Each structure stands twice: as structure tokens, then as C-alpha cells.
Amino acid sequence: PLVRATHDELFRRFGFPMPSHEELERQWRADHAVFYTRFFPGVPSEAVEDVWHEITEKFRRGEEINGKRIGRAALFPGAVEALEDLKKIKRPLAVVSNRREESLLREIEATGLSHYFKHVYGHQDGRQRKPSSQSIDATLKALGIEPGNVWYIGDQISDMAAASGRGMYRILIGREQGVMARELGMEKDPAGAIVYLDALRELPAILRKLLNRQP
């Protein structure tokens with residue numbers, strides 16, 4: 001509901017014809033650059049991104065926009081259980097997000113998850129959003145960790161693109177996203193192929209297994 005409501009408002013504001021939500025999702029996952037030029041011709045991609053995140057943040061705060069209101073974001077099923085299991089592995093955890101950092105920090109605090117993470121990196125003016133790898137590189141530097149010791153976990157194609165070529169292992173959660181990643185040929189990477197999971201609850205067990213394989 002959040003993504004679709006944001007799409008509706010985004011196209012209303014810029015005044016461009018609205019394609020189907022399925023077409024928007026397909027193009028976004030396939031190629032971000034083409035998404036902007038195809039659906040928002042003549043508008044800088046940064047401007048579209050800024051408005052997208054502005055709308056999203058308002059909806060997340062429970063604000064009404066053009067007669068629509070979306071409930072506050074809920075945790076993924078099994079999120080707390082997965083974090084508890086990951087905590088037992090005794091590896092530092094970090095968050096890297098395209099969301100505005102101040103809003104991200106508030107939400108992590110409100111959901112009671114802040115004590116799980118050693119570092120949180122969100123968007124601020126002057127920072128590049130994923131699929132740029134800038135946020136990942138900055139987080140690794142802040143933690144003092146080499147990429148070869150990192151498992152990067154995401155649920156979007158842009159996550160895998162950002163981590164590609166950085167020398168880190170990649171885990172993609174979500175069956176539909178996994179199908180798209182394979183179709184786009186994102187498998188090949190010096191650090192190895194993407195590990196695909198259907199659900200978040202599978203993460204702790206597979207991560208233990210993968211960590212045991214590391215030299």
C-alpha cells in the first residue's frame with residue numbers, strides 16, 4: 001500500500017500519465033536510469049527521488065496526503081526473532097538505507113531495534129542513494145571492516161547492485177526480487193553468486209552455514 005500510494009501521489013504532483021503499478025515496479029527493478037527518463041522525461045532524477053522520499057516519509061508518519069492515509073510501517077514477520085539470532089552470532093550489524101537518516105533513526109528507535117545495530121547510515125543532502133555504493137563504503141569505513149568480511153543483506157535489486165563488485169557476499173530476500181535478479185544477470189560477482197532466500201526467517205540459519213564456510 002505504501003509504494004502504490006506514493007506512486008499515485010508522485011505522478012499527480014509531476015503531472016505525468018500514470019502507468020500500471022506492475023509496469024512501474026518492473027521498470028524500477030530492471031533499470032533505475034531508464035525509469036526516470038521513461039516516466040519523468042525532462043525532470044532530473046534527483047528531483048523525482050527527493051519528492052518520492054518526501055511523500056514516503058509523510059505517509060510513514062501517518063499524515064494524510066490528497067485524501068489518503070497509510071498506517072505506520074510494521075516490522076517484517078520474524079524480524080525481531082531474526083535479529084535476536086543474528087545477535088548470538090556476535091557479528092556487528094549495520095543499517096544502510098535510502099531513507100532520510102533522521103527519519104530512519106526515529107523509526108528504528110520507535111520499534112525498539114536500535115540496540116541491535118552498531119551503525120545506521122541513511123540519506124542526507126550530498127549523499128548518493130543506492131544503487132550507488134557510497135553508503136556501503138561509508139559504513140564499512142565507520143565500522144573499520146573490510147568488504148571480504150561482510151554479508152550484505154537486502155530485499156531490493158538496488159541493494160544487490162550497490163553491493164556488486166565491492167568484494168562482499170550478497171543475500172537477497174524475496175522470491176520475486178530473486179527472479180528479477182537472475183533475469184538481469186546480477187549473479188556474476190568476484191565474491192560469489194547471490195544467495196537467495198524467500199523469507200527473513202530463513203536468514204539466521206543460512207548465515208551460520210555460510211559463515212562456517214568462510215576461510
# chains A, B, ... in the order shown; residues from 1 in each chain; ligands from 1
call {"tool": "residues_around", "arguments": {"residues": "stretch 198-208 of chain A", "least_positions_apart": "5", "cutoff": "12 Å", "atoms": "only C-alpha atoms", "output": "ChimeraX atom specification"}}
result
/A:75-91,150-155,169-179,213-214
call {"tool": "residues_around", "arguments": {"residues": "stretch 49-53 of chain A", "least_positions_apart": "3", "cutoff": "8 Å", "atoms": "only C-alpha atoms", "output": "JSON, numbers by chain"}}
result
{"A": [6, 7, 10, 45, 46, 56, 57, 99, 100]}
call {"tool": "select_by_dssp", "arguments": {"residues": "stretch 48-214 of chain A", "states": "strand (DSSP E)", "output": "PyMOL selection string"}}
result
chain A and resi 64-65+68-69+94-100+119-123+151-154+169-173+195-197
call {"tool": "atom_distance", "arguments": {"atom1": "atom CA of A:Ala94", "atom2": "atom CA of A:Glu54"}}
result
23.7 Å
call {"tool": "residues_around", "arguments": {"residues": "stretch 33-40 of chain A", "least_positions_apart": "3", "cutoff": "9 Å", "atoms": "only C-alpha atoms", "output": "PyMOL selection string"}}
result
chain A and resi 11+14+16-19+24+27-30+43-45+48
call {"tool": "residues_around", "arguments": {"residues": "A:Leu93", "least_positions_apart": "6", "cutoff": "8 Å", "atoms": "only C-alpha atoms", "output": "ChimeraX atom specification"}}
result
/A:116-119
call {"tool": "write_last_selection", "arguments": {"atoms": "N, CA and C atoms", "output": "CSV table (one decimal), in the first residue's frame"}}
result
chain,number,residue,atom,x,y,z
A,116,TYR,N,20.3,-3.3,18.4
A,116,TYR,CA,20.9,-4.3,17.6
A,116,TYR,C,22.0,-3.8,16.7
A,117,PHE,N,22.0,-2.5,16.4
A,117,PHE,CA,22.8,-2.0,15.3
A,117,PHE,C,23.9,-1.1,15.8
A,118,LYS,N,25.1,-1.4,15.3
A,118,LYS,CA,26.3,-0.7,15.7
A,118,LYS,C,26.4,0.6,14.9
A,119,HIS,N,25.8,0.6,13.7
A,119,HIS,CA,25.9,1.8,12.9
A,119,HIS,C,24.6,1.9,12.0
call {"tool": "atom_distance", "arguments": {"atom1": "atom CA of A:Asp8", "atom2": "atom CA of A:Glu25"}}
result
12.8 Å
call {"tool": "closest_atom_pairs", "arguments": {"of": "stretch 45-100 of chain A", "to": "stretch 139-144 of chain A", "cutoff": "9 Å", "atoms": "only C-alpha atoms", "output": "CSV"}}
result
residue,atom,partner,partner_atom,distance
A:Pro92,CA,A:Leu143,CA,8.4
A:Ala94,CA,A:Thr139,CA,7.7
A:Val95,CA,A:Thr139,CA,8.5
A:Val96,CA,A:Thr139,CA,7.5
call {"tool": "write_last_selection", "arguments": {"atoms": "C-alpha atoms", "output": "short mmCIF file (atom, residue, chain, number, x, y, z; two decimals), in the first residue's frame"}}
result
data_model
loop_
_atom_site.label_atom_id
_atom_site.label_comp_id
_atom_site.auth_asym_id
_atom_site.auth_seq_id
_atom_site.Cartn_x
_atom_site.Cartn_y
_atom_site.Cartn_z
CA PRO A 92 28.31 -6.23 14.23
CA ALA A 94 24.50 -2.06 10.49
CA VAL A 95 21.66 -0.45 8.53
CA VAL A 96 22.24 1.16 5.13
#
call {"tool": "closest_residue", "arguments": {"among": "A:Asn149, A:Gln124, A:Thr111, A:Ser133", "to": "A:Gly165", "atoms": "only C-alpha atoms"}}
result
A:Ser133
call {"tool": "residues_around", "arguments": {"residues": "A:Ser97", "least_positions_apart": "3", "cutoff": "10 Å", "atoms": "only C-alpha atoms", "output": "PDB file with N, CA, C and O atoms, in the first residue's frame"}}
result
ATOM      1  N   ALA A  94      24.673  -3.462  10.883  1.00  0.00           N
ATOM      2  CA  ALA A  94      24.501  -2.062  10.486  1.00  0.00           C
ATOM      3  C   ALA A  94      23.309  -1.949   9.544  1.00  0.00           C
ATOM      4  O   ALA A  94      22.891  -2.933   8.927  1.00  0.00           O
ATOM      5  N   ARG A 100      15.716   9.076   4.594  1.00  0.00           N
ATOM      6  CA  ARG A 100      16.329  10.177   5.329  1.00  0.00           C
ATOM      7  C   ARG A 100      16.803   9.682   6.687  1.00  0.00           C
ATOM      8  O   ARG A 100      16.078   8.993   7.404  1.00  0.00           O
ATOM      9  N   GLU A 101      18.039  10.024   7.018  1.00  0.00           N
ATOM     10  CA  GLU A 101      18.655   9.450   8.203  1.00  0.00           C
ATOM     11  C   GLU A 101      17.904   9.788   9.490  1.00  0.00           C
ATOM     12  O   GLU A 101      17.711   8.928  10.347  1.00  0.00           O
ATOM     13  N   LEU A 104      14.852   7.681   9.634  1.00  0.00           N
ATOM     14  CA  LEU A 104      15.258   6.287   9.832  1.00  0.00           C
ATOM     15  C   LEU A 104      15.615   6.018  11.288  1.00  0.00           C
ATOM     16  O   LEU A 104      15.182   5.016  11.877  1.00  0.00           O
ATOM     17  N   VAL A 120      24.129   3.136  11.821  1.00  0.00           N
ATOM     18  CA  VAL A 120      22.970   3.383  10.954  1.00  0.00           C
ATOM     19  C   VAL A 120      23.336   4.489   9.980  1.00  0.00           C
ATOM     20  O   VAL A 120      23.770   5.573  10.387  1.00  0.00           O
ATOM     21  N   TYR A 121      23.175   4.222   8.699  1.00  0.00           N
ATOM     22  CA  TYR A 121      23.529   5.191   7.657  1.00  0.00           C
ATOM     23  C   TYR A 121      22.313   5.408   6.770  1.00  0.00           C
ATOM     24  O   TYR A 121      21.837   4.501   6.097  1.00  0.00           O
ATOM     25  N   GLY A 122      21.779   6.629   6.782  1.00  0.00           N
ATOM     26  CA  GLY A 122      20.659   6.992   5.924  1.00  0.00           C
ATOM     27  C   GLY A 122      21.034   8.111   4.980  1.00  0.00           C
ATOM     28  O   GLY A 122      22.182   8.549   4.938  1.00  0.00           O
ATOM     29  N   HIS A 123      20.061   8.589   4.256  1.00  0.00           N
ATOM     30  CA  HIS A 123      20.331   9.636   3.266  1.00  0.00           C
ATOM     31  C   HIS A 123      20.364  11.006   3.921  1.00  0.00           C
ATOM     32  O   HIS A 123      19.584  11.322   4.812  1.00  0.00           O
ATOM     33  N   ARG A 129      22.214   7.989  -3.184  1.00  0.00           N
ATOM     34  CA  ARG A 129      21.365   6.870  -2.798  1.00  0.00           C
ATOM     35  C   ARG A 129      21.754   5.612  -3.574  1.00  0.00           C
ATOM     36  O   ARG A 129      22.324   5.672  -4.652  1.00  0.00           O
ATOM     37  N   LYS A 130      21.441   4.459  -2.993  1.00  0.00           N
ATOM     38  CA  LYS A 130      21.629   3.203  -3.714  1.00  0.00           C
ATOM     39  C   LYS A 130      20.792   3.238  -5.000  1.00  0.00           C
ATOM     40  O   LYS A 130      19.696   3.816  -4.981  1.00  0.00           O
ATOM     41  N   SER A 135      27.031   4.670   0.201  1.00  0.00           N
ATOM     42  CA  SER A 135      26.559   4.413   1.564  1.00  0.00           C
ATOM     43  C   SER A 135      27.216   3.179   2.168  1.00  0.00           C
ATOM     44  O   SER A 135      27.544   3.148   3.357  1.00  0.00           O
ATOM     45  N   ILE A 136      27.430   2.165   1.344  1.00  0.00           N
ATOM     46  CA  ILE A 136      28.087   0.947   1.825  1.00  0.00           C
ATOM     47  C   ILE A 136      29.541   1.230   2.184  1.00  0.00           C
ATOM     48  O   ILE A 136      30.029   0.831   3.244  1.00  0.00           O
ATOM     49  N   GLY A 154      19.768  -7.617   1.590  1.00  0.00           N
ATOM     50  CA  GLY A 154      18.801  -6.648   1.086  1.00  0.00           C
ATOM     51  C   GLY A 154      17.560  -7.322   0.555  1.00  0.00           C
ATOM     52  O   GLY A 154      17.515  -8.550   0.386  1.00  0.00           O
ATOM     53  N   ASP A 159      19.773  -2.954  -3.826  1.00  0.00           N
ATOM     54  CA  ASP A 159      20.706  -3.406  -2.787  1.00  0.00           C
ATOM     55  C   ASP A 159      21.813  -4.258  -3.394  1.00  0.00           C
ATOM     56  O   ASP A 159      22.999  -4.087  -3.092  1.00  0.00           O
TER      57      ASP A 159
END
call {"tool": "closest_residue", "arguments": {"among": "A:Met160, A:Met168, A:Ala5, A:Ala193", "to": "A:Met180", "atoms": "only C-alpha atoms"}}
result
A:Met160
call {"tool": "closest_residue", "arguments": {"among": "A:Leu197, A:Ala47, A:Ile145, A:Ala163", "to": "A:Ser132", "atoms": "only C-alpha atoms"}}
result
A:Ala163
call {"tool": "closest_residue", "arguments": {"among": "A:Gln156, A:Asn212, A:Glu109, A:Ala161", "to": "A:Glu187", "atoms": "only C-alpha atoms"}}
result
A:Ala161
call {"tool": "closest_residue", "arguments": {"among": "A:Leu211, A:Ile157, A:Val3, A:Ile55", "to": "A:Ile194", "atoms": "only C-alpha atoms"}}
result
A:Ile157
